[in-house]
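Okay, query_18.pdb is below, PDB, C-alpha atoms, pLDDT in the B column:
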ATOM      1  CA  MET A 118       7.183  38.222 -14.901  1.00 80.00           C
ATOM      2  CA  TYR A 119       4.677  35.574 -13.763  1.00 86.00           C
ATOM      3  CA  LYS A 120       1.862  36.645 -11.432  1.00 88.00           C
ATOM      4  CA  CYS A 121      -0.623  34.135 -10.061  1.00 89.00           C
ATOM      5  CA  ALA A 122      -2.923  36.592  -8.245  1.00 90.00           C
ATOM      6  CA  GLY A 123      -5.121  33.677  -7.159  1.00 88.00           C
ATOM      7  CA  HIS A 124      -5.900  32.552 -10.715  1.00 91.00           C
ATOM      8  CA  LEU A 125      -4.704  29.168 -11.872  1.00 91.00           C
ATOM      9  CA  PRO A 126      -5.150  27.983 -15.425  1.00 93.00           C
ATOM     10  CA  GLU A 127      -6.560  24.523 -15.913  1.00 96.00           C
ATOM     11  CA  LEU A 128      -4.104  21.942 -17.197  1.00 97.00           C
ATOM     12  CA  HIS A 129      -5.047  18.766 -19.064  1.00 97.00           C
ATOM     13  CA  THR A 130      -3.220  15.530 -19.675  1.00 97.00           C
ATOM     14  CA  GLU A 131      -4.443  12.364 -21.329  1.00 97.00           C
ATOM     15  CA  ARG A 132      -6.124  11.094 -18.149  1.00 97.00           C
ATOM     16  CA  LEU A 133      -6.098  14.073 -15.787  1.00 98.00           C
ATOM     17  CA  TRP A 134      -7.529  17.527 -15.362  1.00 97.00           C
ATOM     18  CA  LEU A 135      -5.716  19.904 -13.005  1.00 98.00           C
ATOM     19  CA  ARG A 136      -7.747  22.816 -11.688  1.00 97.00           C
ATOM     20  CA  LYS A 137      -7.549  25.144  -8.700  1.00 94.00           C
ATOM     21  CA  LEU A 138      -8.500  23.573  -5.377  1.00 93.00           C
ATOM     22  CA  GLN A 139     -11.936  24.771  -4.258  1.00 91.00           C
ATOM     23  CA  LYS A 140     -13.851  24.665  -0.991  1.00 91.00           C
ATOM     24  CA  GLN A 141     -16.188  21.982  -2.370  1.00 92.00           C
ATOM     25  CA  ASP A 142     -13.108  19.720  -2.692  1.00 94.00           C
ATOM     26  CA  SER A 143     -12.756  19.504   1.087  1.00 93.00           C
ATOM     27  CA  ALA A 144     -14.409  16.074   1.482  1.00 94.00           C
ATOM     28  CA  ALA A 145     -12.345  14.552  -1.318  1.00 94.00           C
ATOM     29  CA  ILE A 146      -9.065  16.092  -0.200  1.00 93.00           C
ATOM     30  CA  PHE A 147      -9.821  15.057   3.388  1.00 94.00           C
ATOM     31  CA  GLN A 148     -10.005  11.449   2.167  1.00 93.00           C
ATOM     32  CA  VAL A 149      -6.509  11.790   0.719  1.00 94.00           C
ATOM     33  CA  TRP A 150      -4.931  13.871   3.511  1.00 91.00           C
ATOM     34  CA  SER A 151      -6.411  11.731   6.294  1.00 91.00           C
ATOM     35  CA  ASP A 152      -4.833   8.533   4.943  1.00 91.00           C
ATOM     36  CA  PRO A 153      -1.691   7.849   7.007  1.00 89.00           C
ATOM     37  CA  VAL A 154      -0.210   5.878   4.096  1.00 91.00           C
ATOM     38  CA  VAL A 155      -0.388   9.019   1.926  1.00 91.00           C
ATOM     39  CA  THR A 156       0.806  11.482   4.583  1.00 86.00           C
ATOM     40  CA  LYS A 157       3.569   9.238   5.953  1.00 86.00           C
ATOM     41  CA  TYR A 158       6.336  11.248   4.278  1.00 84.00           C
ATOM     42  CA  MET A 159       4.564  14.605   4.010  1.00 82.00           C
ATOM     43  CA  ASN A 160       5.315  17.587   6.231  1.00 77.00           C
ATOM     44  CA  ILE A 161       1.735  17.593   7.536  1.00 76.00           C
ATOM     45  CA  GLU A 162      -0.001  15.218   9.905  1.00 77.00           C
ATOM     46  CA  SER A 163      -2.976  13.194   8.742  1.00 80.00           C
ATOM     47  CA  MET A 164      -6.087  15.358   8.925  1.00 87.00           C
ATOM     48  CA  HIS A 165      -8.771  14.597  11.479  1.00 87.00           C
ATOM     49  CA  SER A 166     -11.810  16.330  10.006  1.00 87.00           C
ATOM     50  CA  LYS A 167     -13.297  17.802   6.862  1.00 87.00           C
ATOM     51  CA  GLU A 168     -12.931  21.198   8.565  1.00 90.00           C
ATOM     52  CA  ASP A 169      -9.125  20.688   8.633  1.00 91.00           C
ATOM     53  CA  ALA A 170      -9.258  20.233   4.853  1.00 92.00           C
ATOM     54  CA  GLU A 171     -11.440  23.347   4.438  1.00 93.00           C
ATOM     55  CA  GLU A 172      -8.932  25.397   6.454  1.00 92.00           C
ATOM     56  CA  MET A 173      -6.036  24.074   4.380  1.00 91.00           C
ATOM     57  CA  ILE A 174      -7.832  24.921   1.128  1.00 93.00           C
ATOM     58  CA  GLU A 175      -8.463  28.465   2.421  1.00 93.00           C
ATOM     59  CA  LEU A 176      -4.790  28.797   3.389  1.00 92.00           C
ATOM     60  CA  LEU A 177      -3.687  27.560  -0.040  1.00 92.00           C
ATOM     61  CA  ASP A 178      -6.056  30.057  -1.712  1.00 93.00           C
ATOM     62  CA  GLU A 179      -4.536  32.895   0.337  1.00 92.00           C
ATOM     63  CA  CYS A 180      -1.064  31.718  -0.684  1.00 92.00           C
ATOM     64  CA  SER A 181      -2.048  31.856  -4.353  1.00 92.00           C
ATOM     65  CA  GLN A 182      -3.410  35.375  -3.970  1.00 92.00           C
ATOM     66  CA  ASN A 183      -0.223  36.492  -2.182  1.00 90.00           C
ATOM     67  CA  GLU A 184       2.153  34.917  -4.742  1.00 91.00           C
ATOM     68  CA  GLU A 185       3.449  32.468  -2.136  1.00 90.00           C
ATOM     69  CA  GLY A 186       2.368  29.153  -3.699  1.00 92.00           C
ATOM     70  CA  PHE A 187      -0.593  27.396  -5.288  1.00 93.00           C
ATOM     71  CA  ARG A 188      -2.221  24.000  -5.564  1.00 94.00           C
ATOM     72  CA  TRP A 189      -4.235  22.224  -8.224  1.00 97.00           C
ATOM     73  CA  ALA A 190      -6.803  19.530  -7.568  1.00 97.00           C
ATOM     74  CA  ILE A 191      -5.968  16.413  -9.589  1.00 98.00           C
ATOM     75  CA  ILE A 192      -9.174  15.161 -11.231  1.00 97.00           C
ATOM     76  CA  GLU A 193      -9.308  11.774 -12.933  1.00 97.00           C
ATOM     77  CA  LYS A 194     -11.130  12.403 -16.206  1.00 97.00           C
ATOM     78  CA  SER A 195     -12.665   8.915 -16.481  1.00 96.00           C
ATOM     79  CA  SER A 196     -14.414   9.156 -13.094  1.00 96.00           C
ATOM     80  CA  ASN A 197     -14.505  12.949 -12.643  1.00 96.00           C
ATOM     81  CA  LYS A 198     -13.201  12.341  -9.090  1.00 96.00           C
ATOM     82  CA  MET A 199     -10.540  14.286  -7.283  1.00 96.00           C
ATOM     83  CA  ILE A 200      -7.682  11.894  -6.491  1.00 97.00           C
ATOM     84  CA  GLY A 201      -4.986  14.208  -5.113  1.00 96.00           C
ATOM     85  CA  SER A 202      -3.350  17.573  -5.471  1.00 96.00           C
ATOM     86  CA  CYS A 203      -0.144  19.120  -6.742  1.00 97.00           C
ATOM     87  CA  GLY A 204       1.387  22.513  -7.150  1.00 96.00           C
ATOM     88  CA  PHE A 205       4.179  24.920  -6.372  1.00 96.00           C
ATOM     89  CA  ASN A 206       4.894  25.210  -2.648  1.00 94.00           C
ATOM     90  CA  HIS A 207       6.733  28.441  -3.378  1.00 91.00           C
ATOM     91  CA  TRP A 208       8.672  30.156  -6.102  1.00 90.00           C
ATOM     92  CA  GLN A 209      11.236  32.906  -6.417  1.00 90.00           C
ATOM     93  CA  LEU A 210      11.587  34.801  -9.638  1.00 85.00           C
ATOM     94  CA  LYS A 211      13.947  37.732  -9.085  1.00 85.00           C
ATOM     95  CA  GLY A 212      17.517  36.578  -8.811  1.00 81.00           C
ATOM     96  CA  ALA A 213      16.732  32.847  -8.935  1.00 87.00           C
ATOM     97  CA  PHE A 214      13.829  31.885 -11.195  1.00 94.00           C
ATOM     98  CA  ARG A 215      13.208  28.711  -9.202  1.00 95.00           C
ATOM     99  CA  GLY A 216      10.212  26.960  -7.718  1.00 96.00           C
ATOM    100  CA  GLU A 217       9.532  24.006  -5.450  1.00 97.00           C
ATOM    101  CA  ILE A 218       6.842  21.480  -6.338  1.00 98.00           C
ATOM    102  CA  GLY A 219       4.806  19.209  -4.096  1.00 96.00           C
ATOM    103  CA  TYR A 220       2.241  16.499  -4.781  1.00 96.00           C
ATOM    104  CA  GLU A 221       0.246  13.628  -3.314  1.00 96.00           C
ATOM    105  CA  LEU A 222      -2.141  11.057  -4.690  1.00 96.00           C
ATOM    106  CA  ALA A 223      -4.789   8.801  -3.168  1.00 95.00           C
ATOM    107  CA  SER A 224      -3.132   5.441  -2.468  1.00 94.00           C
ATOM    108  CA  SER A 225      -5.824   3.673  -4.528  1.00 95.00           C
ATOM    109  CA  HIS A 226      -4.349   5.409  -7.603  1.00 96.00           C
ATOM    110  CA  TRP A 227      -0.664   4.682  -7.008  1.00 95.00           C
ATOM    111  CA  ARG A 228       1.512   2.924  -9.586  1.00 95.00           C
ATOM    112  CA  GLN A 229      -0.630   3.841 -12.580  1.00 96.00           C
ATOM    113  CA  GLY A 230       1.564   6.612 -14.000  1.00 96.00           C
ATOM    114  CA  LEU A 231      -0.923   9.293 -12.980  1.00 97.00           C
ATOM    115  CA  MET A 232       1.512  11.341 -10.915  1.00 97.00           C
ATOM    116  CA  THR A 233       3.999  11.241 -13.785  1.00 97.00           C
ATOM    117  CA  GLU A 234       1.315  12.901 -15.939  1.00 97.00           C
ATOM    118  CA  ALA A 235       0.515  15.505 -13.281  1.00 98.00           C
ATOM    119  CA  VAL A 236       4.145  16.405 -12.564  1.00 98.00           C
ATOM    120  CA  THR A 237       4.921  16.583 -16.296  1.00 97.00           C
ATOM    121  CA  ALA A 238       2.080  19.101 -16.693  1.00 97.00           C
ATOM    122  CA  MET A 239       3.461  21.116 -13.762  1.00 97.00           C
ATOM    123  CA  LEU A 240       6.947  21.091 -15.272  1.00 97.00           C
ATOM    124  CA  ASN A 241       5.601  22.351 -18.607  1.00 96.00           C
ATOM    125  CA  PHE A 242       3.722  25.122 -16.798  1.00 96.00           C
ATOM    126  CA  GLY A 243       6.692  26.027 -14.588  1.00 96.00           C
ATOM    127  CA  PHE A 244       9.225  26.202 -17.394  1.00 96.00           C
ATOM    128  CA  THR A 245       7.014  27.857 -20.020  1.00 95.00           C
ATOM    129  CA  THR A 246       4.411  30.020 -18.272  1.00 95.00           C
ATOM    130  CA  MET A 247       6.313  30.850 -15.076  1.00 95.00           C
ATOM    131  CA  GLU A 248       9.625  30.973 -16.976  1.00 95.00           C
ATOM    132  CA  LEU A 249      11.483  29.173 -14.184  1.00 96.00           C
ATOM    133  CA  ASN A 250      15.081  28.087 -14.656  1.00 97.00           C
ATOM    134  CA  ARG A 251      15.096  25.499 -11.857  1.00 97.00           C
ATOM    135  CA  ILE A 252      12.344  23.322 -10.396  1.00 98.00           C
ATOM    136  CA  GLU A 253      13.020  21.627  -7.081  1.00 98.00           C
ATOM    137  CA  ALA A 254      11.350  18.922  -5.022  1.00 97.00           C
ATOM    138  CA  LEU A 255      12.124  18.104  -1.400  1.00 96.00           C
ATOM    139  CA  VAL A 256      11.656  14.417  -0.596  1.00 95.00           C
ATOM    140  CA  ASP A 257      11.845  12.500   2.665  1.00 94.00           C
ATOM    141  CA  PRO A 258      14.840  10.153   2.128  1.00 94.00           C
ATOM    142  CA  ARG A 259      12.636   7.165   3.056  1.00 93.00           C
ATOM    143  CA  ASN A 260      10.148   7.987   0.285  1.00 94.00           C
ATOM    144  CA  GLU A 261      11.646   5.797  -2.432  1.00 95.00           C
ATOM    145  CA  ALA A 262       8.564   6.025  -4.679  1.00 95.00           C
ATOM    146  CA  SER A 263       8.758   9.820  -4.896  1.00 96.00           C
ATOM    147  CA  ALA A 264      12.516   9.753  -5.532  1.00 97.00           C
ATOM    148  CA  LYS A 265      11.950   7.162  -8.276  1.00 97.00           C
ATOM    149  CA  LEU A 266       9.229   9.315  -9.878  1.00 97.00           C
ATOM    150  CA  LEU A 267      11.505  12.352  -9.967  1.00 98.00           C
ATOM    151  CA  SER A 268      14.405  10.318 -11.328  1.00 97.00           C
ATOM    152  CA  SER A 269      12.167   9.023 -14.130  1.00 96.00           C
ATOM    153  CA  LEU A 270      11.490  12.664 -15.044  1.00 97.00           C
ATOM    154  CA  SER A 271      15.264  13.374 -15.169  1.00 96.00           C
ATOM    155  CA  PHE A 272      15.524  15.222 -11.852  1.00 98.00           C
ATOM    156  CA  SER A 273      18.946  15.016 -10.228  1.00 97.00           C
ATOM    157  CA  CYS A 274      19.240  14.161  -6.554  1.00 98.00           C
ATOM    158  CA  GLU A 275      21.626  16.784  -5.223  1.00 97.00           C
ATOM    159  CA  GLY A 276      21.959  15.405  -1.706  1.00 97.00           C
ATOM    160  CA  ILE A 277      20.568  15.607   1.794  1.00 97.00           C
ATOM    161  CA  LEU A 278      19.641  18.848   3.531  1.00 96.00           C
ATOM    162  CA  ARG A 279      20.102  17.931   7.179  1.00 96.00           C
ATOM    163  CA  GLN A 280      17.287  18.653   9.630  1.00 95.00           C
ATOM    164  CA  LEU A 281      15.621  20.965   7.121  1.00 92.00           C
ATOM    165  CA  GLN A 282      12.032  20.593   8.355  1.00 87.00           C
ATOM    166  CA  TYR A 283      10.522  20.447  11.803  1.00 85.00           C
ATOM    167  CA  THR A 284       7.453  18.246  12.206  1.00 77.00           C
ATOM    168  CA  SER A 285       5.495  16.813  15.124  1.00 70.00           C
ATOM    169  CA  THR A 286       8.056  13.986  15.264  1.00 75.00           C
ATOM    170  CA  GLY A 287      11.074  16.302  15.328  1.00 83.00           C
ATOM    171  CA  TYR A 288      13.562  17.526  12.756  1.00 90.00           C
ATOM    172  CA  LYS A 289      13.669  15.761   9.385  1.00 91.00           C
ATOM    173  CA  ASP A 290      16.371  15.483   6.771  1.00 94.00           C
ATOM    174  CA  MET A 291      15.193  16.041   3.195  1.00 95.00           C
ATOM    175  CA  GLN A 292      16.630  15.100  -0.192  1.00 96.00           C
ATOM    176  CA  MET A 293      16.919  17.929  -2.701  1.00 98.00           C
ATOM    177  CA  HIS A 294      15.978  16.992  -6.274  1.00 98.00           C
ATOM    178  CA  SER A 295      16.126  19.460  -9.163  1.00 98.00           C
ATOM    179  CA  LEU A 296      15.562  19.815 -12.877  1.00 98.00           C
ATOM    180  CA  LEU A 297      16.943  22.735 -14.875  1.00 98.00           C
ATOM    181  CA  PHE A 298      15.268  24.425 -17.823  1.00 97.00           C
ATOM    182  CA  GLU A 299      18.114  23.483 -20.177  1.00 96.00           C
ATOM    183  CA  GLU A 300      17.781  19.808 -19.148  1.00 96.00           C
ATOM    184  CA  TRP A 301      14.002  19.875 -19.613  1.00 95.00           C
ATOM    185  CA  LYS A 302      14.360  21.595 -22.980  1.00 93.00           C
ATOM    186  CA  TYR A 303      16.921  18.999 -24.138  1.00 90.00           C
ATOM    187  CA  LEU A 304      14.638  16.115 -23.069  1.00 84.00           C
ATOM    188  CA  ARG A 305      11.741  17.532 -25.103  1.00 81.00           C
ATOM    189  CA  LYS A 306      13.692  17.327 -28.411  1.00 73.00           C
TER     190      LYS A 306
END
Translate the structure of the given file into structure tokens.
Amino acid sequence: MYKCAGHLPELHTERLWLRKLQKQDSAAIFQVWSDPVVTKYMNIESMHSKEDAEEMIELLDECSQNEEGFRWAIIEKSSNKMIGSCGFNHWQLKGAFRGEIGYELASSHWRQGLMTEAVTAMLNFGFTTMELNRIEALVDPRNEASAKLLSSLSFSCEGILRQLQYTSTGYKDMQMHSLLFEEWKYLRK
């Protein structure tokens, strides 16, 4: 059964390198997480300081050590710059074999197919290494770009989970999207 134990393998795509988020990424991730355009549909507020990013990276590292979730830095190979992050917000193996993914990308890199590459790498990792049967993504119903990305990767939108998350602006509905191992396997033929 999969164990993270704080160690994340590096993943590579044609244009991206995914590696574990590190403390030295705090300035770059702050640039992404402080952009209100990027965080508009996320369940976190825009960050106000580099220290906020450092604290979040520490929290994410603890989560990876405690088998609660993990996050990769998304590095653009051509520039060697961090342009976002992605990972598994949580996973459950016993009795479910499912995991929930999350991702964000600097707005300057939107609409270039980069997140499709990153999510595809995560799906490969989740279905092969973690041996998940179901990968989920929760999406704010107003976030049409994220729903479109997931649809292009053959996720099914299963419906709305009413008032699922509480944020600084109140309770939020979320769309549940999922992809099953058998669907992913069929698409790879």
Q.
Since I can't run it myself right now, could you work out what the PyMOL selection byres ((chain A and resi 246-262) around 6) selects here and report it as a list in words?
A. Tyr119, Tyr158, Phe214, Arg215, Gly216, Glu217, Ile218, Phe242, Gly243, Phe244, Thr245, Ser263, Ala264, Lys265, Met291, Gln292, Met293, His294, Ser295, Leu296, Leu297 and Phe298 of chain A
What residues come out when you apply the PyMOL selection byres ((chain A and resi 198-204) around 7) to this file, written as a PDB file with C-alpha atoms, keeping the file's coordinate frame?
ATOM      1  CA  ALA A 145     -12.345  14.552  -1.318  1.00 94.00           C
ATOM      2  CA  ILE A 146      -9.065  16.092  -0.200  1.00 93.00           C
ATOM      3  CA  VAL A 149      -6.509  11.790   0.719  1.00 94.00           C
ATOM      4  CA  PHE A 187      -0.593  27.396  -5.288  1.00 93.00           C
ATOM      5  CA  ARG A 188      -2.221  24.000  -5.564  1.00 94.00           C
ATOM      6  CA  TRP A 189      -4.235  22.224  -8.224  1.00 97.00           C
ATOM      7  CA  ALA A 190      -6.803  19.530  -7.568  1.00 97.00           C
ATOM      8  CA  ILE A 191      -5.968  16.413  -9.589  1.00 98.00           C
ATOM      9  CA  ILE A 192      -9.174  15.161 -11.231  1.00 97.00           C
ATOM     10  CA  GLU A 193      -9.308  11.774 -12.933  1.00 97.00           C
ATOM     11  CA  SER A 196     -14.414   9.156 -13.094  1.00 96.00           C
ATOM     12  CA  ASN A 197     -14.505  12.949 -12.643  1.00 96.00           C
ATOM     13  CA  PHE A 205       4.179  24.920  -6.372  1.00 96.00           C
ATOM     14  CA  ASN A 206       4.894  25.210  -2.648  1.00 94.00           C
ATOM     15  CA  ILE A 218       6.842  21.480  -6.338  1.00 98.00           C
ATOM     16  CA  GLY A 219       4.806  19.209  -4.096  1.00 96.00           C
ATOM     17  CA  TYR A 220       2.241  16.499  -4.781  1.00 96.00           C
ATOM     18  CA  GLU A 221       0.246  13.628  -3.314  1.00 96.00           C
ATOM     19  CA  LEU A 222      -2.141  11.057  -4.690  1.00 96.00           C
ATOM     20  CA  ALA A 223      -4.789   8.801  -3.168  1.00 95.00           C
TER      21      ALA A 223
END
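Nearest to Leu304 of chain A of all the residues A:Arg136, A:Asp152, A:Met239, A:Ser269 is A:Ser269, based on all atoms listed in the file.
When all atoms listed in the file are used to measure the gap to Tyr288 of chain A, the shortest distance among A:Glu172, A:Asn160, A:Glu300, A:Glu184 belongs to A:Asn160.
Atom to atom, atom CA of His226 of chain A and atom CA of Phe272 of chain A stand 22.6 Å apart.
Atom CA of Ser181 of chain A sits 6.3 Å away from atom CA of Cys121 of chain A.
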task: Pull out every residue that the PyMOL selection byres ((chain A and resi 279) around 7) matches in the shown coordinates and put them as a PyMOL selection string.
output: chain A and resi 277-278+280-281+290-291
Write to file, as an mmCIF file, keeping the file's coordinate frame, the residues of the selection just made, with C-alpha atoms.
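Resulting contents of selection.cif:
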data_model
loop_
_atom_site.group_PDB
_atom_site.id
_atom_site.type_symbol
_atom_site.label_atom_id
_atom_site.label_comp_id
_atom_site.auth_asym_id
_atom_site.auth_seq_id
_atom_site.Cartn_x
_atom_site.Cartn_y
_atom_site.Cartn_z
ATOM 1 C CA ILE A 277 20.568 15.607 1.794
ATOM 2 C CA LEU A 278 19.641 18.848 3.531
ATOM 3 C CA GLN A 280 17.287 18.653 9.630
ATOM 4 C CA LEU A 281 15.621 20.965 7.121
ATOM 5 C CA ASP A 290 16.371 15.483 6.771
ATOM 6 C CA MET A 291 15.193 16.041 3.195
#
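With only C-alpha atoms as the atoms that count, the minimum distance from Ile161 of chain A to the choices A:Thr237, A:Lys120, A:Tyr283, A:Leu176 is reached by A:Tyr283.
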Counting only C-alpha atoms, closest pick from A:Trp301, A:Trp134, A:Phe147, A:Trp208 relative to Ser273 of chain A is A:Trp301
Enclose the full set of atoms of segment 232-244 of chain A listed in the file within a box whose edges lie along x, y and z, apply 4 Å of padding to each of the six sides, and report centre and edge lengths in Å to one decimal as lines of an AutoDock Vina configuration file.
center_x = 4.9
center_y = 18.7
center_z = -14.8
size_x = 16.7
size_y = 23.0
size_z = 15.7
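Comparing the minimum interatomic distances between Thr284 of chain A and each of A:Leu128, A:Met159, A:Ala213, A:Met164, counting all atoms listed in the file, we find that A:Met159 sits nearest.
Here the question is which of A:Gln282, A:Gln209, A:Gln139, A:Lys157 gets nearest to Gly186 of chain A using all atoms listed in the file, and that residue is A:Gln209.
Of note, atom CA of Leu177 of chain A and atom CA of Leu240 of chain A are spaced 19.7 Å apart.
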